[in-house]
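See below for the structure under consideration.
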Amino acid sequence: MNRLSEKFVAGGFSSALVLLCGVGAVSYLSIERLTAEKRWVIHTYQVIEGLDRIRIGISNAESAQSSYILTQKAVHRETYQGEKQEVYKAIAAIRQLSSDNPDQQRRLDTFEPLIAQKFALLEQSIKLFSQKSLDKPTQMAITDGGIEISQQLQTISQAMENEEKSLLQQRTAVTDARLSQIIAVVSLGYGLSVVLLIIVYSLLQKQIRINKALSEEAICLEQQAAKAELANILESVTDAFIALDHNWCFTYVNQRAGQILDRRPEDLIGKNIREELPEVVEHKFYHAYYQAVAEQRVIQMEEYYPPWERWFENRIYPSQEGLSIFFQDITRRKLVEIALEENERRYRSLVIATSQAVWIADTNGMSKDFSSWADLTGQSDTEVNGRGWFNAIHPEDRKLTELLWTQAIATKSLYETEHRVRVADGSYRFFAARAVPVLNANEDIQEWVGTHTDISERKLAEAALQQANEELENKVQQRTAELQRLNEELKRSNQELEQFAYVASHDLQEPLRAVTGYSQLLGQEYQDRLDESAQEYFAYIVDGAKRMQQLIQDLLAYSRVGTRGQEFAPVDCNAALSLALSNLHITIAESKAIITHDPLPKLIADKTQMVQLFQNLIGNAIKFRRQETPQIHIGAVRRGGGAGEQRGEFITHSLTTQQRQSVQVGEPAHAAGSSAWAKRPATANSTPDSVWLFWVQDNGIGIKSQYLERIFEVFRRLHTRREFTGTGIGLAICKKIVERHGGRIWAESEPGVGTTFYLTLNEN
């Protein structure tokens, strides 16, 4: 992104935020004033309703009084008392509501005594009736008085109601004018904000695509550099090296291997080892290749190869790509070892005839017969006498030798050690010393018989081999550190992009929440006062705000997958699935979806993200359904390793319609057979039987094959919003969750038949 684009994005984003904040502030102040006007309107309605309650209460009280006189039932008298109380409550409420209106208060001062007179006449008739002294003239006088009072009450009530209706008309006009003003301001501000946000979002998307392309290019260059560096290392080591893929074809052969195999390395690349070297099939190390792949462990072995009359040492390393094999010609070393073994056997049978030093010591470990030792070291009999033979041992090894020899004598056990001995020419050579106690019938030591075997050649070979291994290990460690540094830089860059997306989404939440909340409040309270055009425009505002809010929330959820996840802990996938189904219970009930699942495993994972993963995949299957009842099945199987399957691969399948029906009645999906088998690679760095394959299968509308990779991209939609709602980020969140758990996700689908989503998750 150039400087101009950066300035435009920053300016546009800031302008959108300022505009949204301004719209929110203006809306808030306008709605506060509108709310105050609304309270006065409600206030007027309450006064009118109070007058109606008074009229109704007096009428009900008269009816209850008449019913009591006619039926003499106590329930009517109780009804009369209840209505009387309600009338007085209504008068008190009206007096409080109209406390700001002196005219209404004066009317109430006249109105309330008339009410009291009215109830006094009614109670007088009830009292006279109860005393059996209510005659007809008295009753008619009471009735005439009540009618006269009712007319006065009606006149006053009508005057009060007219006053409130006049006030209601004035306040309603003010409220409508205020509402029109708010709608105009919100519409204009929101429209400009949406335009700016769309432009800023387009530029951000462009930069994300550029960064993604640069990241992929950087990864490709790193891989190429790593391969080149590895090739340099492999060419510089003294060991021969070959690499084989899963089809036993050569993928790399260094020059040393070409020399041993007597072939040009470039002629072997891509060819099968069995075809190019058929003679190796009969030998042990070829079968060790299969063993290493089957058991996924490193195998080190030595074997004699008759066609070349050589000994070879093999170190076999299995990997996801196949096999890496280091081997070297150890014929010289093996011949030395064989010679040493033959000499040792000869020493055991003919001790005296050996060319190595053989000596005999007495019970106390003093020299007894050291003739061959004297020949080896050049010491005289006087110098060897007693423990003088220690003087021929190298000074640095002498203390340990004397300690081990003393311990062997004290414990009557075998004496063994390796030390340097000064030979007759004055040089020091490595010898393996070994002495056996000769015991009598009483288990007492009679003498010691010992040998000194020259192992200098073997020590030199071991030192050279150790040095070569250390050099190779140092080079590998250096390259590993370099790759780790590059990976950390790339990871840090991705984290910065995710943090920016999170901050941008979070800052947009507050002003948009104000616009959405107050817009919904307006829609709820003034729906009946808007004409058709205003209702349509208002619907556009609310719908746009909701879609923008959903878009920001989804973007925030997407950015939080990698930055706000919980620590991994043991999670029962059955419980996670139950929580997801509980969250979707309304959607499931409305769609009448049939959801089944196999027993699911327990994993080390983020429980919240596992619930979100199941919820997104099941909700997606319900949303993109056909006219028929949605049928969804969730299954899981441990990483395969049986006959016919290669290590590191999964066997996945899609079910036919008949097999789906068997799943609905409870049969596990993996037991229903298969119609289309496809191999999918297992998760990297996983161990055998530590990876689970999950699938979510539906009978929905399906997806065309050319779109199966695009559906996991952010904001990638295959349908319009009129066809299906949503922001197009749900599957992108699923992918990010699975990748955070070290797995991968993909889909298989057939339009008009259904879709199956597969994902792999590590058990530990």
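Residue numbering restarts at 1 in every chain; chains get A, B, ... in the order shown in the structure tokens, and ligands count up from 1 in that same order.
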
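Omitting range 80-93 of chain A and its sequence neighbours fewer than 5 positions away, and counting only C-alpha atoms, the residues within 8 Å are Gly50, Leu51, Arg53, Ile54, Gly57, Ile58, Asn60, Ala61, Glu62, Ala64, Gln65, Glu112 and Phe119 of chain A.
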
Could you save those same residues with N, CA and C atoms as an mmCIF file, in the first residue's frame?
data_model
loop_
_atom_site.group_PDB
_atom_site.id
_atom_site.type_symbol
_atom_site.label_atom_id
_atom_site.label_comp_id
_atom_site.auth_asym_id
_atom_site.auth_seq_id
_atom_site.Cartn_x
_atom_site.Cartn_y
_atom_site.Cartn_z
ATOM 1 N N GLY A 50 -57.297 8.167 32.921
ATOM 2 C CA GLY A 50 -57.801 8.292 34.299
ATOM 3 C C GLY A 50 -59.247 8.765 34.335
ATOM 4 N N LEU A 51 -59.595 9.739 33.475
ATOM 5 C CA LEU A 51 -60.984 10.204 33.414
ATOM 6 C C LEU A 51 -61.910 9.078 32.986
ATOM 7 N N ARG A 53 -61.369 5.887 33.494
ATOM 8 C CA ARG A 53 -61.492 4.940 34.607
ATOM 9 C C ARG A 53 -62.495 5.461 35.650
ATOM 10 N N ILE A 54 -62.518 6.794 35.848
ATOM 11 C CA ILE A 54 -63.479 7.360 36.827
ATOM 12 C C ILE A 54 -64.911 7.130 36.346
ATOM 13 N N GLY A 57 -65.672 3.494 36.620
ATOM 14 C CA GLY A 57 -65.764 3.078 38.021
ATOM 15 C C GLY A 57 -67.089 3.494 38.635
ATOM 16 N N ILE A 58 -67.543 4.758 38.359
ATOM 17 C CA ILE A 58 -68.833 5.216 38.905
ATOM 18 C C ILE A 58 -69.976 4.376 38.343
ATOM 19 N N ASN A 60 -69.761 1.281 37.217
ATOM 20 C CA ASN A 60 -69.704 -0.066 37.811
ATOM 21 C C ASN A 60 -70.203 -0.045 39.244
ATOM 22 N N ALA A 61 -69.897 1.022 39.973
ATOM 23 C CA ALA A 61 -70.359 1.122 41.366
ATOM 24 C C ALA A 61 -71.891 1.212 41.416
ATOM 25 N N GLU A 62 -72.505 2.020 40.512
ATOM 26 C CA GLU A 62 -73.968 2.113 40.469
ATOM 27 C C GLU A 62 -74.576 0.758 40.146
ATOM 28 N N ALA A 64 -73.245 -2.224 40.730
ATOM 29 C CA ALA A 64 -73.074 -3.111 41.890
ATOM 30 C C ALA A 64 -74.093 -2.766 42.975
ATOM 31 N N GLN A 65 -74.378 -1.403 43.169
ATOM 32 C CA GLN A 65 -75.363 -0.989 44.185
ATOM 33 C C GLN A 65 -76.744 -1.487 43.820
ATOM 34 N N GLU A 112 -64.029 16.509 42.608
ATOM 35 C CA GLU A 112 -63.842 15.521 43.676
ATOM 36 C C GLU A 112 -64.983 15.567 44.700
ATOM 37 N N PHE A 119 -71.131 9.077 45.818
ATOM 38 C CA PHE A 119 -70.958 7.842 46.585
ATOM 39 C C PHE A 119 -71.732 7.901 47.899
#

Worksheet item: Could you name the residues that touch range 379-396 of chain A at 6 Å or less, counting only C-alpha atoms, but leaving out those on the same chain fewer than 5 positions away, as a PyMOL selection string?
Response: chain A and resi 366-367+374+420-422

Worksheet item: Using only C-alpha atoms, which residue out of A:Asn364, A:Thr516, A:Asn469, A:Gln612 lies closest to Trp448 in chain A?
Response: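 Smallest separation from Trp448 in chain A among the options: A:Asn364.
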
Discussion item. Quick one: residues within 12 Å of Pro751 in chain A, only C-alpha atoms, excluding same-chain residues fewer than 2 positions away - as a list in words?
Written reply: Phe624, Arg625, Arg626, Asp698, Asn699, Gly700, Ile701, Gly702, Ile703, Lys704, Ser705, Gln706, Tyr707, Leu708, Glu748, Ser749, Val753, Gly754, Thr755 and Thr756 of chain A

Worksheet item: Can you tell me how far CA of Lys368 in chain A sits from CA of Gln407 in chain A, in Å to one decimal?
Response: 19.3 Å
